[in-house]
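Remarks on the structure that follows.
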Amino acid sequence: MTLFHFFNCAILTFGPHAVYYSATPLSEYDTLGTSVKAAVVYLATALVKLVCLATFLQVSETEVFDPYQMTKYGFQSQEALKAMIGFIDVAGLYFALAQLTHRNISQNHKFQAVGLGWAFADSVLHRLAPLWVGARGLEFTWDYVLQGLEANANLVFTISLAALGSLMWLRKNKPKTLIPIIYTCAVIIATMPSITSYLRRVMGWHFPKVVGFELMTSLVMAFISCQLFILCQRPSL
């Protein structure tokens, strides 16, 4: 029963990445190398974030969200600093999209392959070990099912952010009226970890409610990102 629960949670967590790759044209255009490169960039970015967090943030003995807590180097807001460090992900995503050399694939396939590799590496790094240790326990818990659903929301968020990043950094002739919307959506997705942290620690939301919020928000942001991408591809009159 424990291994059955583990495999179910593992399929829920990592299965959608494989399904997305095989069910879209990514598999037909052999973009696996691009996804692997994005995953490597993510691991390097995660290491930089870890060093920054360890250097600039003081360890708190409580889990209380305190937006006015001082860091050991005099920063006014520890939570704001966490959000700023979170933007290292955006820099890493920029490098993966704009600086890495890719095979001759279209912009549509490039951002999807990069987003898929990025999200898969994030799931492996943050969810594989807890899943292996916890989901094989003797007592059944819904936490790891919810973590799998959260990984799915993160996949949608990441591909949406990659789509917006490709519009910001690779698309030159986009309509000027859409530029503020593109940047606003990108900021919302990039700060989603801080938003969910606020909901848990200040608003007192339980994990199922937070995951439901993430799933709903990810679908909304995916729809908006898709529409923006379509509008930016239309020839300007």
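Scheme for the structure tokens: letters A, B, ... for chains in order shown; per-chain residue numbers from 1; ligand numbers from 1 in order shown.
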Write out as JSON, numbers by chain the set of residues from segment 75-157 of chain A that DSSP, computed on the backbone, places in helix (DSSP H, G or I). {"A": [78, 79, 80, 81, 82, 83, 84, 85, 86, 88, 89, 90, 91, 92, 93, 94, 95, 96, 97, 98, 99, 107, 108, 109, 110, 111, 112, 113, 114, 115, 116, 117, 118, 119, 120, 121, 122, 123, 124, 125, 126, 127, 128, 129, 130, 131, 132, 133, 134, 143, 144, 145, 146, 147, 148, 149, 150, 151, 152, 153, 154, 155, 156, 157]}
List as a compact mmCIF listing (two decimals) with N, CA and C atoms, in the first residue's frame the protein and nucleic acid residues near Phe120 of chain A, meaning an atom at most 8 Å away when only C-alpha atoms are counted, but skip any in the same chain fewer than 3 places from it.
# COMPACT_ATOMS: atom_id res chain seq x y z
N PHE A 14 5.19 13.99 -11.44
CA PHE A 14 6.10 14.06 -12.59
C PHE A 14 5.46 13.62 -13.90
N HIS A 17 4.59 16.28 -16.81
CA HIS A 17 5.71 16.77 -17.61
C HIS A 17 5.94 15.86 -18.82
N ALA A 39 17.04 22.70 -17.59
CA ALA A 39 17.11 22.09 -16.27
C ALA A 39 18.46 22.35 -15.61
N LEU A 116 9.31 23.63 -19.71
CA LEU A 116 9.11 22.25 -19.29
C LEU A 116 10.33 21.73 -18.54
N GLY A 117 11.52 21.97 -19.07
CA GLY A 117 12.74 21.54 -18.39
C GLY A 117 12.93 22.22 -17.06
N SER A 123 10.60 20.36 -9.77
CA SER A 123 9.87 19.29 -9.09
C SER A 123 10.82 18.24 -8.53
N VAL A 124 11.84 17.89 -9.30
CA VAL A 124 12.81 16.89 -8.83
C VAL A 124 13.56 17.41 -7.61
N LEU A 155 4.08 23.79 -13.00
CA LEU A 155 4.36 23.56 -14.42
C LEU A 155 3.66 24.59 -15.29
When distances are computed from only C-alpha atoms, which of A:Gln227, A:Gly148, A:Glu214, A:Ser194 shows the smallest separation from Pro16 of chain A?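 Closest to Pro16 of chain A of all the choices is A:Gly148.
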Residue among A:Ile182, A:Leu3, A:Ala23, A:Leu53 lying closest to Met84 of chain A, counting only C-alpha atoms: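 The shortest atom-to-atom distance to Met84 of chain A comes from A:Leu53.
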Atom-to-atom span, atom CA of Ala163 of chain A and atom CA of Phe111 of chain A, Å: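 If I compute the distance from atom CA of Ala163 of chain A to atom CA of Phe111 of chain A, I get 5.6 Å.
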Using only C-alpha atoms, which protein or nucleic acid residues come within 12 Å of Asn173 of chain A? Drop anything in the same chain fewer than 2 positions from it, and give the result as an MDAnalysis selection string. chainID A and resid 167:171 175:179 231:237
Could you name the residues that touch Arg127 of chain A at 9 Å or less, counting only C-alpha atoms, but leaving out those on the same chain fewer than 4 positions away, as a VMD selection string? chain A and resid 13 122 to 123 131 to 132 144 147 to 148 151
What's around Lys110 of chain A at 12 Å? Count only C-alpha atoms, leave out sequence neighbours fewer than 6 positions away in its own chain, and write the answer as an MDAnalysis selection string. chainID A and resid 25:26 29:35 37:38 93 96:98 100:104 116:117 159 162:163 165:167 170
Nearest to Ser22 of chain A: which of A:Leu50, A:Val187, A:Ala113, A:Leu57 is it, counting only C-alpha atoms? A:Ala113
Using Å and a single decimal, report how far atom CA of Lys49 of chain A sits from atom CA of Ile85 of chain A.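 Atom CA of Ile85 of chain A sits 6.4 Å away from atom CA of Lys49 of chain A.
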For Lys209 of chain A, which residue out of A:Phe4, A:His109, A:Thr196, A:Lys172 is the nearest one, using only C-alpha atoms? A:Thr196
What's the separation between atom CA of Leu125 of chain A and atom CA of Leu161 of chain A, in Å to one decimal place?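 For atom CA of Leu125 of chain A relative to atom CA of Leu161 of chain A, the distance reads 19.3 Å.
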